[in-house]
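Quick look at start39.cif (mmCIF, C-alpha atoms):
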```cif
data_upload
#
loop_
_atom_site.group_PDB
_atom_site.id
_atom_site.type_symbol
_atom_site.label_atom_id
_atom_site.label_comp_id
_atom_site.auth_asym_id
_atom_site.auth_seq_id
_atom_site.Cartn_x
_atom_site.Cartn_y
_atom_site.Cartn_z
ATOM 1 C CA MET A 1 16.985 -74.040 -73.295
ATOM 2 C CA ASP A 2 13.478 -72.993 -72.238
ATOM 3 C CA GLU A 3 11.639 -69.973 -73.652
ATOM 4 C CA GLY A 4 12.716 -67.591 -70.832
ATOM 5 C CA GLU A 5 16.408 -68.474 -71.204
ATOM 6 C CA GLU A 6 16.161 -68.065 -74.987
ATOM 7 C CA LYS A 7 14.645 -64.573 -74.654
ATOM 8 C CA ALA A 8 17.342 -63.618 -72.140
ATOM 9 C CA ALA A 9 20.067 -64.856 -74.525
ATOM 10 C CA ILE A 10 18.569 -62.861 -77.430
ATOM 11 C CA LEU A 11 18.250 -59.757 -75.238
ATOM 12 C CA THR A 12 21.847 -60.102 -74.023
ATOM 13 C CA GLU A 13 23.099 -60.502 -77.611
ATOM 14 C CA THR A 14 21.141 -57.402 -78.685
ATOM 15 C CA GLU A 15 22.589 -55.378 -75.781
ATOM 16 C CA ARG A 16 26.106 -56.576 -76.609
ATOM 17 C CA SER A 17 25.836 -55.633 -80.295
ATOM 18 C CA GLY A 18 24.420 -52.225 -79.328
ATOM 19 C CA ALA A 19 27.284 -51.648 -76.909
ATOM 20 C CA GLU A 20 29.857 -52.717 -79.496
ATOM 21 C CA GLU A 21 28.536 -50.078 -81.912
ATOM 22 C CA HIS A 22 29.356 -47.362 -79.359
ATOM 23 C CA LEU A 23 32.709 -48.858 -78.324
ATOM 24 C CA PRO A 24 34.848 -47.226 -81.063
ATOM 25 C CA GLU A 25 33.200 -43.885 -80.302
ATOM 26 C CA ARG A 26 33.966 -44.302 -76.587
ATOM 27 C CA GLU A 27 37.578 -45.267 -77.261
ATOM 28 C CA LYS A 28 37.979 -42.193 -79.477
ATOM 29 C CA LYS A 29 36.713 -39.932 -76.681
ATOM 30 C CA GLU A 30 39.083 -41.571 -74.172
ATOM 31 C CA LYS A 31 42.049 -41.022 -76.489
ATOM 32 C CA GLU A 32 41.121 -37.364 -76.926
ATOM 33 C CA THR A 33 40.908 -36.827 -73.186
ATOM 34 C CA LYS A 34 44.183 -38.625 -72.445
ATOM 35 C CA TYR A 35 46.787 -36.464 -70.814
ATOM 36 C CA ALA A 36 49.854 -35.639 -72.848
ATOM 37 C CA ILE A 37 52.917 -35.700 -70.618
ATOM 38 C CA LYS A 38 54.985 -32.621 -71.274
ATOM 39 C CA ASN A 39 58.664 -33.268 -70.883
ATOM 40 C CA ALA A 40 61.393 -30.713 -70.399
ATOM 41 C CA GLN A 41 64.621 -30.961 -72.347
ATOM 42 C CA TRP A 42 67.068 -31.883 -69.614
ATOM 43 C CA ASN A 43 70.662 -30.728 -69.582
ATOM 44 C CA THR A 44 73.451 -33.074 -70.455
ATOM 45 C CA GLY A 45 75.893 -34.141 -67.766
ATOM 46 C CA ASN A 46 78.664 -31.841 -68.983
ATOM 47 C CA SER A 47 76.474 -28.697 -69.037
ATOM 48 C CA PHE A 48 74.697 -29.265 -65.705
ATOM 49 C CA THR A 49 74.859 -26.731 -62.877
ATOM 50 C CA VAL A 50 72.921 -26.612 -59.601
ATOM 51 C CA GLU A 51 71.194 -23.394 -60.703
ATOM 52 C CA ARG A 52 70.250 -24.822 -64.105
ATOM 53 C CA GLY A 53 68.848 -27.919 -62.369
ATOM 54 C CA LEU A 54 66.635 -25.678 -60.241
ATOM 55 C CA GLN A 55 65.450 -23.817 -63.360
ATOM 56 C CA GLN A 56 64.577 -27.066 -65.096
ATOM 57 C CA ILE A 57 62.639 -28.322 -62.072
ATOM 58 C CA GLU A 58 60.649 -25.068 -62.207
ATOM 59 C CA GLU A 59 59.985 -25.718 -65.917
ATOM 60 C CA VAL A 60 58.630 -29.179 -65.113
ATOM 61 C CA ILE A 61 56.445 -27.824 -62.314
ATOM 62 C CA SER A 62 55.005 -25.220 -64.687
ATOM 63 C CA THR A 63 53.593 -28.047 -66.845
ATOM 64 C CA TRP A 64 51.726 -29.629 -63.917
ATOM 65 C CA GLU A 65 47.983 -29.046 -63.802
ATOM 66 C CA ILE A 66 47.745 -27.390 -60.404
ATOM 67 C CA HIS A 67 45.284 -24.701 -59.345
ATOM 68 C CA GLU A 68 46.753 -21.215 -59.210
ATOM 69 C CA SER A 69 46.060 -20.947 -55.461
ATOM 70 C CA TRP A 70 48.980 -23.325 -54.798
ATOM 71 C CA LEU A 71 52.251 -21.544 -54.118
ATOM 72 C CA HIS A 72 55.676 -23.119 -53.873
ATOM 73 C CA TRP A 73 59.311 -22.393 -53.274
ATOM 74 C CA SER A 74 62.262 -24.511 -54.323
ATOM 75 C CA GLU A 75 65.695 -25.052 -52.869
ATOM 76 C CA PHE A 76 68.828 -27.053 -53.486
ATOM 77 C CA LEU A 77 69.520 -29.427 -50.583
ATOM 78 C CA GLN A 78 72.722 -31.346 -51.237
ATOM 79 C CA GLU A 79 75.074 -33.034 -53.646
ATOM 80 C CA GLU A 80 75.652 -36.749 -53.188
ATOM 81 C CA ASP A 81 78.730 -38.379 -54.728
ATOM 82 C CA LEU A 82 78.182 -42.091 -55.454
ATOM 83 C CA LYS A 83 80.389 -44.688 -57.112
ATOM 84 C CA ASP A 84 78.663 -44.555 -60.525
ATOM 85 C CA SER A 85 76.891 -41.192 -60.400
ATOM 86 C CA LYS A 86 76.415 -37.826 -58.752
ATOM 87 C CA ARG A 87 73.015 -36.941 -57.366
ATOM 88 C CA TYR A 88 71.688 -33.450 -56.754
ATOM 89 C CA HIS A 89 68.806 -33.246 -54.276
ATOM 90 C CA TYR A 90 66.160 -30.491 -54.360
ATOM 91 C CA ARG A 91 63.021 -29.777 -52.375
ATOM 92 C CA VAL A 92 59.853 -28.040 -53.567
ATOM 93 C CA CYS A 93 57.584 -26.955 -50.723
ATOM 94 C CA TRP A 94 53.866 -26.450 -51.550
ATOM 95 C CA SER A 95 51.095 -24.660 -49.641
ATOM 96 C CA VAL A 96 47.814 -22.857 -50.138
ATOM 97 C CA PRO A 97 47.902 -19.587 -48.210
ATOM 98 C CA THR A 98 44.675 -17.623 -47.932
ATOM 99 C CA ARG A 99 43.787 -14.125 -46.757
ATOM 100 C CA ARG A 100 42.501 -15.524 -43.479
ATOM 101 C CA LYS A 101 45.516 -17.813 -43.018
ATOM 102 C CA PRO A 102 48.495 -16.396 -44.890
ATOM 103 C CA ILE A 103 50.743 -18.782 -42.969
ATOM 104 C CA PRO A 104 49.422 -22.267 -43.753
ATOM 105 C CA ARG A 105 49.077 -24.873 -41.005
ATOM 106 C CA ALA A 106 50.731 -27.527 -43.150
ATOM 107 C CA THR A 107 52.856 -27.829 -46.281
ATOM 108 C CA ALA A 108 53.607 -30.643 -48.726
ATOM 109 C CA ASP A 109 57.093 -31.360 -50.008
ATOM 110 C CA VAL A 110 58.147 -32.889 -53.308
ATOM 111 C CA TYR A 111 61.758 -34.056 -53.479
ATOM 112 C CA PHE A 112 63.582 -34.056 -56.806
ATOM 113 C CA VAL A 113 66.803 -35.870 -57.604
ATOM 114 C CA ILE A 114 68.885 -35.117 -60.670
ATOM 115 C CA GLU A 115 71.389 -37.855 -61.347
ATOM 116 C CA ILE A 116 74.446 -37.538 -63.572
ATOM 117 C CA SER A 117 76.020 -40.812 -64.584
ATOM 118 C CA LYS A 118 79.781 -41.229 -64.358
ATOM 119 C CA ILE A 119 79.570 -44.208 -66.740
ATOM 120 C CA LYS A 120 77.471 -42.800 -69.590
ATOM 121 C CA PRO A 121 78.966 -40.232 -71.957
ATOM 122 C CA ALA A 122 78.944 -36.652 -70.631
ATOM 123 C CA THR A 123 76.719 -35.673 -73.562
ATOM 124 C CA SER A 124 73.847 -37.909 -72.395
ATOM 125 C CA PRO A 125 70.931 -36.226 -70.600
ATOM 126 C CA VAL A 126 70.666 -36.326 -66.819
ATOM 127 C CA GLU A 127 68.188 -38.648 -65.087
ATOM 128 C CA VAL A 128 65.421 -36.925 -63.121
ATOM 129 C CA PHE A 129 62.967 -38.371 -60.652
ATOM 130 C CA PHE A 130 60.877 -37.170 -57.734
ATOM 131 C CA THR A 131 59.171 -38.520 -54.643
ATOM 132 C CA LEU A 132 56.450 -37.105 -52.484
ATOM 133 C CA GLU A 133 56.920 -36.467 -48.806
ATOM 134 C CA ALA A 134 56.330 -39.633 -46.756
ATOM 135 C CA SER A 135 56.258 -41.827 -49.875
ATOM 136 C CA LYS A 136 58.832 -44.190 -51.293
ATOM 137 C CA LEU A 137 57.295 -44.354 -54.762
ATOM 138 C CA ILE A 138 59.651 -42.876 -57.341
ATOM 139 C CA HIS A 139 58.082 -40.879 -60.186
ATOM 140 C CA ARG A 140 59.723 -39.759 -63.401
ATOM 141 C CA PRO A 141 58.454 -36.426 -64.778
ATOM 142 C CA ASP A 142 58.466 -37.739 -68.362
ATOM 143 C CA GLN A 143 56.489 -40.883 -67.495
ATOM 144 C CA CYS A 144 53.938 -39.755 -64.950
ATOM 145 C CA ARG A 145 51.150 -37.238 -64.613
ATOM 146 C CA PHE A 146 51.402 -35.200 -61.437
ATOM 147 C CA ARG A 147 48.182 -35.085 -59.408
ATOM 148 C CA GLU A 148 47.173 -32.093 -57.319
ATOM 149 C CA LYS A 149 45.340 -34.572 -55.095
ATOM 150 C CA TRP A 150 48.695 -35.894 -53.864
ATOM 151 C CA LEU A 151 49.495 -32.506 -52.344
ATOM 152 C CA LYS A 152 46.005 -32.174 -50.878
ATOM 153 C CA ASP A 153 46.262 -35.618 -49.270
ATOM 154 C CA ILE A 154 49.589 -34.809 -47.615
ATOM 155 C CA ILE A 155 48.264 -31.552 -46.166
ATOM 156 C CA GLU A 156 44.996 -33.153 -45.083
ATOM 157 C CA ASN A 157 46.845 -35.988 -43.306
ATOM 158 C CA LYS A 158 49.106 -33.511 -41.508
ATOM 159 C CA THR A 159 46.121 -31.410 -40.446
ATOM 160 C CA ILE A 160 44.289 -34.464 -39.105
ATOM 161 C CA LEU A 161 47.388 -35.530 -37.204
ATOM 162 C CA MET A 162 47.847 -32.061 -35.679
ATOM 163 C CA GLU A 163 44.205 -32.028 -34.531
ATOM 164 C CA THR A 164 44.642 -35.348 -32.744
ATOM 165 C CA LEU A 165 47.818 -34.337 -30.923
ATOM 166 C CA LYS A 166 47.554 -32.259 -27.775
ATOM 167 C CA PHE A 167 50.463 -29.874 -27.161
#
```
Represent the structure contained in this file as structure tokens.
Amino acid sequence: MDEGEEKAAILTETERSGAEEHLPEREKKEKETKYAIKNAQWNTGNSFTVERGLQQIEEVISTWEIHESWLHWSEFLQEEDLKDSKRYHYRVCWSVPTRRKPIPRATADVYFVIEISKIKPATSPVEVFFTLEASKLIHRPDQCRFREKWLKDIIENKTILMETLKF
């Protein structure tokens, strides 16, 4: 190793040891800023009703970190009877109305499914998951952090599409 390489190796080792001193401090900050997923206590299969499912979806939505300018309305869509379970489908429609445009040009939908197993005991909690409009990715409210950006992206894509189409 020549003199230049030796100095570079010493410098790199010094930088690494300096960075390692700050690593625990950085990890501590990251842990403090981590998002705590708030989970609703879901009904059991034997105490489930369509109305109670809608209430619980509203409870989950209230834990999402979304700006207050977003408004939504929720509705029950349908009941689906499968071999091993019953599924209850809901839709939550989001928009950002303003004084200048109280009727928004585009909305974003989030679809919830509450599934009650016919195999598990009736006292077990229901399964809940949701998907975003035009997405096949399934999210579980107790395992995922909802992002406001998802709604913004849907509305932005719809707006861009509408601007390109000529009616």
Original post:
Which residues come within 12 Å of A:Arg87, counting all atoms listed in the file, excluding same-chain residues fewer than 2 positions away, as a list in words?
Top reply: Gly45, Phe48, Thr49, Val50, Gly53, Phe76, Leu77, Gln78, Glu79, Glu80, Asp81, Leu82, Lys83, Asp84, Ser85, His89, Tyr90, Phe112, Val113, Ile114, Glu115, Ile116, Ser117, Lys118, Val126, Glu127, Val128 and Phe129 of chain A
Generate the output file for the selected residues, C-alpha atoms, as a PDB file, keeping the file's coordinate frame.
```
ATOM      1  CA  GLY A  45      75.893 -34.141 -67.766  1.00  0.00           C
ATOM      2  CA  PHE A  48      74.697 -29.265 -65.705  1.00  0.00           C
ATOM      3  CA  THR A  49      74.859 -26.731 -62.877  1.00  0.00           C
ATOM      4  CA  VAL A  50      72.921 -26.612 -59.601  1.00  0.00           C
ATOM      5  CA  GLY A  53      68.848 -27.919 -62.369  1.00  0.00           C
ATOM      6  CA  PHE A  76      68.828 -27.053 -53.486  1.00  0.00           C
ATOM      7  CA  LEU A  77      69.520 -29.427 -50.583  1.00  0.00           C
ATOM      8  CA  GLN A  78      72.722 -31.346 -51.237  1.00  0.00           C
ATOM      9  CA  GLU A  79      75.074 -33.034 -53.646  1.00  0.00           C
ATOM     10  CA  GLU A  80      75.652 -36.749 -53.188  1.00  0.00           C
ATOM     11  CA  ASP A  81      78.730 -38.379 -54.728  1.00  0.00           C
ATOM     12  CA  LEU A  82      78.182 -42.091 -55.454  1.00  0.00           C
ATOM     13  CA  LYS A  83      80.389 -44.688 -57.112  1.00  0.00           C
ATOM     14  CA  ASP A  84      78.663 -44.555 -60.525  1.00  0.00           C
ATOM     15  CA  SER A  85      76.891 -41.192 -60.400  1.00  0.00           C
ATOM     16  CA  HIS A  89      68.806 -33.246 -54.276  1.00  0.00           C
ATOM     17  CA  TYR A  90      66.160 -30.491 -54.360  1.00  0.00           C
ATOM     18  CA  PHE A 112      63.582 -34.056 -56.806  1.00  0.00           C
ATOM     19  CA  VAL A 113      66.803 -35.870 -57.604  1.00  0.00           C
ATOM     20  CA  ILE A 114      68.885 -35.117 -60.670  1.00  0.00           C
ATOM     21  CA  GLU A 115      71.389 -37.855 -61.347  1.00  0.00           C
ATOM     22  CA  ILE A 116      74.446 -37.538 -63.572  1.00  0.00           C
ATOM     23  CA  SER A 117      76.020 -40.812 -64.584  1.00  0.00           C
ATOM     24  CA  LYS A 118      79.781 -41.229 -64.358  1.00  0.00           C
ATOM     25  CA  VAL A 126      70.666 -36.326 -66.819  1.00  0.00           C
ATOM     26  CA  GLU A 127      68.188 -38.648 -65.087  1.00  0.00           C
ATOM     27  CA  VAL A 128      65.421 -36.925 -63.121  1.00  0.00           C
ATOM     28  CA  PHE A 129      62.967 -38.371 -60.652  1.00  0.00           C
TER      29      PHE A 129
END
```
Original post:
Of the residues A:Asp109, A:Glu148, A:Glu51, A:Asp142, which is the one nearest to A:Trp64, using only C-alpha atoms?
Top reply: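 Of A:Asp109, A:Glu148, A:Glu51, A:Asp142, the one nearest A:Trp64, counting only C-alpha atoms, is A:Glu148.
Residue nearest A:Trp73, chosen from A:Leu54, A:Leu132, A:Met162, A:Ile119 and counting only C-alpha atoms: A:Leu54.
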**OP:** Point out the residue among A:Leu165, A:Val96, A:Leu137, A:Ile103 with the least atom-to-atom distance to A:Leu151, counting only C-alpha atoms.
**Re:**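 Closest to A:Leu151 of all the choices is A:Val96.
For A:Thr159, the residues within 10 Å (counting all atoms listed in the file, excluding itself and residues fewer than 6 positions away along the chain) are Arg105, Ala106, Thr107 and Asp153 of chain A.
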For A:Arg91, find every residue with an atom within 6 Å (counting only C-alpha atoms), except residues of its own chain fewer than 2 positions away, and show them as a PDB file with C-alpha atoms, in the frame of the given file.
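Generated file (part_31.pdb):
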```pdb
ATOM      1  CA  SER A  74      62.262 -24.511 -54.323  1.00  0.00           C
ATOM      2  CA  GLU A  75      65.695 -25.052 -52.869  1.00  0.00           C
ATOM      3  CA  VAL A 110      58.147 -32.889 -53.308  1.00  0.00           C
ATOM      4  CA  TYR A 111      61.758 -34.056 -53.479  1.00  0.00           C
TER       5      TYR A 111
END
```
Evaluate the PyMOL selection byres ((chain A and resi 70) around 9) and record the selected residues as a PDB file with C-alpha atoms, keeping the file's coordinate frame, following the chain and residue labels used in the document.
```pdb
ATOM      1  CA  ILE A  66      47.745 -27.390 -60.404  1.00  0.00           C
ATOM      2  CA  HIS A  67      45.284 -24.701 -59.345  1.00  0.00           C
ATOM      3  CA  GLU A  68      46.753 -21.215 -59.210  1.00  0.00           C
ATOM      4  CA  SER A  69      46.060 -20.947 -55.461  1.00  0.00           C
ATOM      5  CA  LEU A  71      52.251 -21.544 -54.118  1.00  0.00           C
ATOM      6  CA  HIS A  72      55.676 -23.119 -53.873  1.00  0.00           C
ATOM      7  CA  TRP A  94      53.866 -26.450 -51.550  1.00  0.00           C
ATOM      8  CA  SER A  95      51.095 -24.660 -49.641  1.00  0.00           C
ATOM      9  CA  VAL A  96      47.814 -22.857 -50.138  1.00  0.00           C
ATOM     10  CA  PRO A  97      47.902 -19.587 -48.210  1.00  0.00           C
TER      11      PRO A  97
END
```
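Atom CA of A:Val92 is found 22.2 Å from atom CA of A:Ile160.
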Original post:
Just so the selection is clear, what residues does the PyMOL selection byres ((chain A and resi 59) around 12) cover here, as a list in words?
Top reply: Lys38, Asn39, Ala40, Gln41, Trp42, Arg52, Gly53, Leu54, Gln55, Gln56, Ile57, Glu58, Val60, Ile61, Ser62, Thr63, Trp64, Ser74 and Pro141 of chain A
Subject >> Atomic separation - atom CA of A:Ala122 relative to atom CA of A:Thr44, Å >> reply: 6.6 Å
Original post:
Mind pulling up the distance from atom CA of A:Ser124 to atom CA of A:Arg145?
Top reply: 24.0 Å
